[in-house]
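Here the structure comes first, spelled out in structure tokens, and everything after it is commentary.
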There are 2 protein chains.
Amino acid sequence: MTEFTDESDRSVLDLGRLAAERALADAEREPSDLTSFHVGNALSGELNAQAGIANALVSRLGIEGVRADRVENTSASGASAFHRGVEAVRGGADTALVVGVEKMSGGETASVTESISRLVHDREYVQGLTLPSFAGIAAAAYLDRYDAPRAALAAVAAKNHRNAIHNRFAQFRKSVTIDEVLASPTVAAPLRLFDCCSITDGAAAVVLSRDGGIRVDGVAGATGTHAVAARPDPLAIESVQTAGERAFARATVDRDDIDVACIHDAFTILELLELEELGFYDPGTAWRATQHGKTAVNGALPVNPGGGLKARGHPLGATGVAQVIELVWQLRGEAAAPRQVPEGPETGLAVNVAGFGNNSVCTVLRR
Amino acid sequence: MTEFTDESDRSVLDLGRLAAERALADAEREPSDLTSFHVGNALSGELNAQAGIANALVSRLGIEGVRADRVENTSASGASAFHRGVEAVRGGADTALVVGVEKMSGGETASVTESISRLVHDREYVQGLTLPSFAGIAAAAYLDRYDAPRAALAAVAAKNHRNAIHNRFAQFRKSVTIDEVLASPTVAAPLRLFDCCSITDGAAAVVLSRDGGIRVDGVAGATGTHAVAARPDPLAIESVQTAGERAFARATVDRDDIDVACIHDAFTILELLELEELGFYDPGTAWRATQHGKTAVNGALPVNPGGGLKARGHPLGATGVAQVIELVWQLRGEAAAPRQVPEGPETGLAVNVAGFGNNSVCTVLRR
């Protein structure tokens, strides 16, 4: 992957190319080995005036002749492209390259915000509801229903920032204390600036083949309701639950076997909700587990050892692939020492979420 | 599919929904039967301020819970989404719905033109080269090299307009004579207005499953060079040749068995070049075959009996799916009488092309 940054001087194509070249080098493959190419990208047309990004990247990489396309699933475009690559290899492709990429800086911030706002169901969009405001509503409901302190959310951010310090690819390599989170400006009450992911530039790539390496044990996607108001409970993210169940139904391992997880923490509240939807914790209990250190690198189930979306950064189309890469490093034992999960983790899970739970993709990897 | 028009009063979501509902009705399936959903769309973010179109359409259709994503491959987005749907069903999905959709009118025409211009390699874009100008260059080279008359190109348009008269879904249901083509305004010499497809709104959808119906005998994609100048010959569209070879390698039938073809005639010259790249005609001979009526509905190999991109219209993301639908109607014997290929065609081929040959997808269907 590339270093995730606030303001890359590389174009969206150059970011994608750099990640692809690094993935090919890591996998000891040549561009000519590739038969299938999949780009996960959310907004290159809107933000970078780059139409047809798959074909432009094929050209930059010198891999003409492959079959290629772009997969778009908003903030889960990376995992959807990965899912597509897995199916291509299972369907007979020899070697697939999946590149997730997003260049969010450099244009007008208004256009980033507007494009992302347009993910919301139009009945809710016209009410002024946005992804941060949905997260704020969910956070308030969670704290109220489970009698959790506001600091419980901040603990997620503090943990993920602590992990990112040791990730040289992370956007924010600095510690953030619970007090600093609580003192940061309000974005959508009760959520504050340090509860929210940022605007990020970056790319991540993986090579998929049938021979050796870390195994894709199960991968599955599921949509949920588009309108959040249509959900029976403001804390329900059914797409995460369904994608998780489907991924485990296909995998050889079960929930209790998972040694490390990458969870889509675009907002701190989401890490807690998703851990509960995936069945790792009962409803209303993930916050206490977090406070007790159970999701820390040396905890019972380490979560987001690479810093998560919160601190590694969230270049939309790259995130799902970056999650897979973090799991691969963890399963190989190659993560930088203080964030390497101890005792040789053998299985990992990633969940990547589009919109506010509109569409989720869950991946289980195994050594 | 929906009626293809110049100016639909439906939104991009409503177009997609209408096509999807018609496909489900035709296949006698309920939304609840679907397990996989794939949207082919090129420019909804840029032209319709519609981000996350796959999730928005899932919601409109009431099929929440399926796995879903959007596949983007510019003007071949429809065929790429179809290819994805085929792989999903081969990979275990029970029933897949593929919707191709594009709403090109209603915004600023400048933004359509600008978005499409951005498909061109940036080294060529800065020279002012566009898709129509590449087509003009190829047309001039073809006429010169093969000593073909200008009317040979016009004959493609006249044939496809003649076919579209009987297609109630076509954008232009009127005859155009060779003289009218030759008298229309110049777009990119020697190509004139009636050599070029138009801006179109429309959607097309198909249901894929493992039981019965028309069989997907082979489908394959391939990229070509992004920069047209990098090709050894201005008349070469290698992606079409490669995609065709790969599709036939997977199919149970061969080139000589094909009874009807849908060819990506965004410009008249492309129908001739693609027929030659696919091996149906030797280089430089498709124009004479067209003049002799061999590609007419009652010819040796009927081409674009539905009117093609030229006269049915070319809503970018819908075209590849509309080609498949035309083949299905032809193989079922359900096309309106004067455009129904006689003697019960049993096999059909479609080719859908992204950019100026950047990426092509070839599909072979069999009864």
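Ordering of the structure tokens sets the chain letters (A, B, ...), residue numbers begin anew at 1 in every chain, and ligands are numbered from 1 in the order given.
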Strand (DSSP E) residues, from DSSP on the backbone, in stretch 44-241 of chain B, as a PyMOL selection string | chain B and resi 67-72+95-103+186-188+191-192+201-209+215-223
Rows by chain and residue number, chain A within 6 Å of chain B, shortest pair, only C-alpha atoms, as a tab-separated table:
```
residue	atom	partner	partner_atom	distance
A:Glu46	CA	B:Glu46	CA	5.5
A:Ala51	CA	B:Leu119	CA	5.4
A:Gly52	CA	B:Leu119	CA	5.5
A:Ser59	CA	B:His226	CA	5.7
A:Glu64	CA	B:Thr223	CA	5.4
A:Gly65	CA	B:Thr223	CA	4.6
A:Val66	CA	B:Ala222	CA	5.2
A:Arg67	CA	B:Ala222	CA	4.3
A:Asp69	CA	B:Asn73	CA	5.5
A:Arg70	CA	B:Glu72	CA	5.1
A:Val71	CA	B:Val71	CA	4.8
A:Glu72	CA	B:Arg70	CA	5.1
A:Asn73	CA	B:Asp69	CA	5.5
A:Thr74	CA	B:Gly52	CA	5.6
A:Arg118	CA	B:Ala51	CA	5.6
A:Leu119	CA	B:Ala51	CA	5.3
A:Gly221	CA	B:Arg67	CA	4.7
A:Ala222	CA	B:Arg67	CA	4.3
A:Thr223	CA	B:Gly65	CA	4.6
A:Gly224	CA	B:Glu64	CA	5.5
A:His226	CA	B:Ser59	CA	5.7
```
Those residues you just picked out, can you put them in a file as a PDB file, in the first residue's frame with C-alpha atoms?
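Heads up, here's the output in out_4.pdb:
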```pdb
ATOM      1  CA  GLU A  46     -16.460  13.304  -9.304  1.00  0.00           C
ATOM      2  CA  ALA A  51     -13.303   8.557 -15.973  1.00  0.00           C
ATOM      3  CA  GLY A  52     -12.495   4.975 -16.900  1.00  0.00           C
ATOM      4  CA  SER A  59      -2.200   1.345 -19.216  1.00  0.00           C
ATOM      5  CA  GLU A  64      -2.814  -4.479 -21.374  1.00  0.00           C
ATOM      6  CA  GLY A  65      -4.711  -7.568 -22.467  1.00  0.00           C
ATOM      7  CA  VAL A  66      -6.103  -8.478 -19.036  1.00  0.00           C
ATOM      8  CA  ARG A  67      -9.802  -8.334 -18.323  1.00  0.00           C
ATOM      9  CA  ASP A  69     -13.149  -3.260 -14.494  1.00  0.00           C
ATOM     10  CA  ARG A  70     -13.887  -0.913 -11.653  1.00  0.00           C
ATOM     11  CA  VAL A  71     -16.100  -1.946  -8.747  1.00  0.00           C
ATOM     12  CA  GLU A  72     -17.888   0.839  -6.914  1.00  0.00           C
ATOM     13  CA  ASN A  73     -19.634   0.403  -3.609  1.00  0.00           C
ATOM     14  CA  THR A  74     -18.973   3.815  -2.012  1.00  0.00           C
ATOM     15  CA  ARG A 118     -25.424  11.913  -1.801  1.00  0.00           C
ATOM     16  CA  LEU A 119     -25.012   8.379  -0.448  1.00  0.00           C
ATOM     17  CA  GLY A 221     -21.563  -9.114   1.023  1.00  0.00           C
ATOM     18  CA  ALA A 222     -25.031  -7.974   2.032  1.00  0.00           C
ATOM     19  CA  THR A 223     -27.117  -4.850   1.676  1.00  0.00           C
ATOM     20  CA  GLY A 224     -29.182  -3.325   4.461  1.00  0.00           C
ATOM     21  CA  HIS A 226     -30.837   2.408   2.428  1.00  0.00           C
TER      22      HIS A 226
END
```
If we count only C-alpha atoms, what is near stretch 301-316 of chain B at a cut-off of 8 Å, once residues fewer than 6 positions away on the same chain are taken out, given as a count of residues only?
-> 56
Extract, using only C-alpha atoms, all DNA, RNA and protein residues at most 7 Å from B:Leu34, discarding same-chain residues fewer than 3 positions from it, and format them as a VMD selection string.
-> chain B and resid 31 66 95 to 97
Distance of atom CA of B:Phe248 from atom CA of B:Val216, expressed in Å to one decimal place =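 Atom CA of B:Val216 sits 11.6 Å away from atom CA of B:Phe248.
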Gap from atom CA of A:Gly218 to atom CA of B:Val219 - Å, one decimal | 25.6 Å
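Atom pair atom CA of B:Gln241 / atom CA of B:Asp282 has a distance of 12.5 Å (rounded to one decimal).
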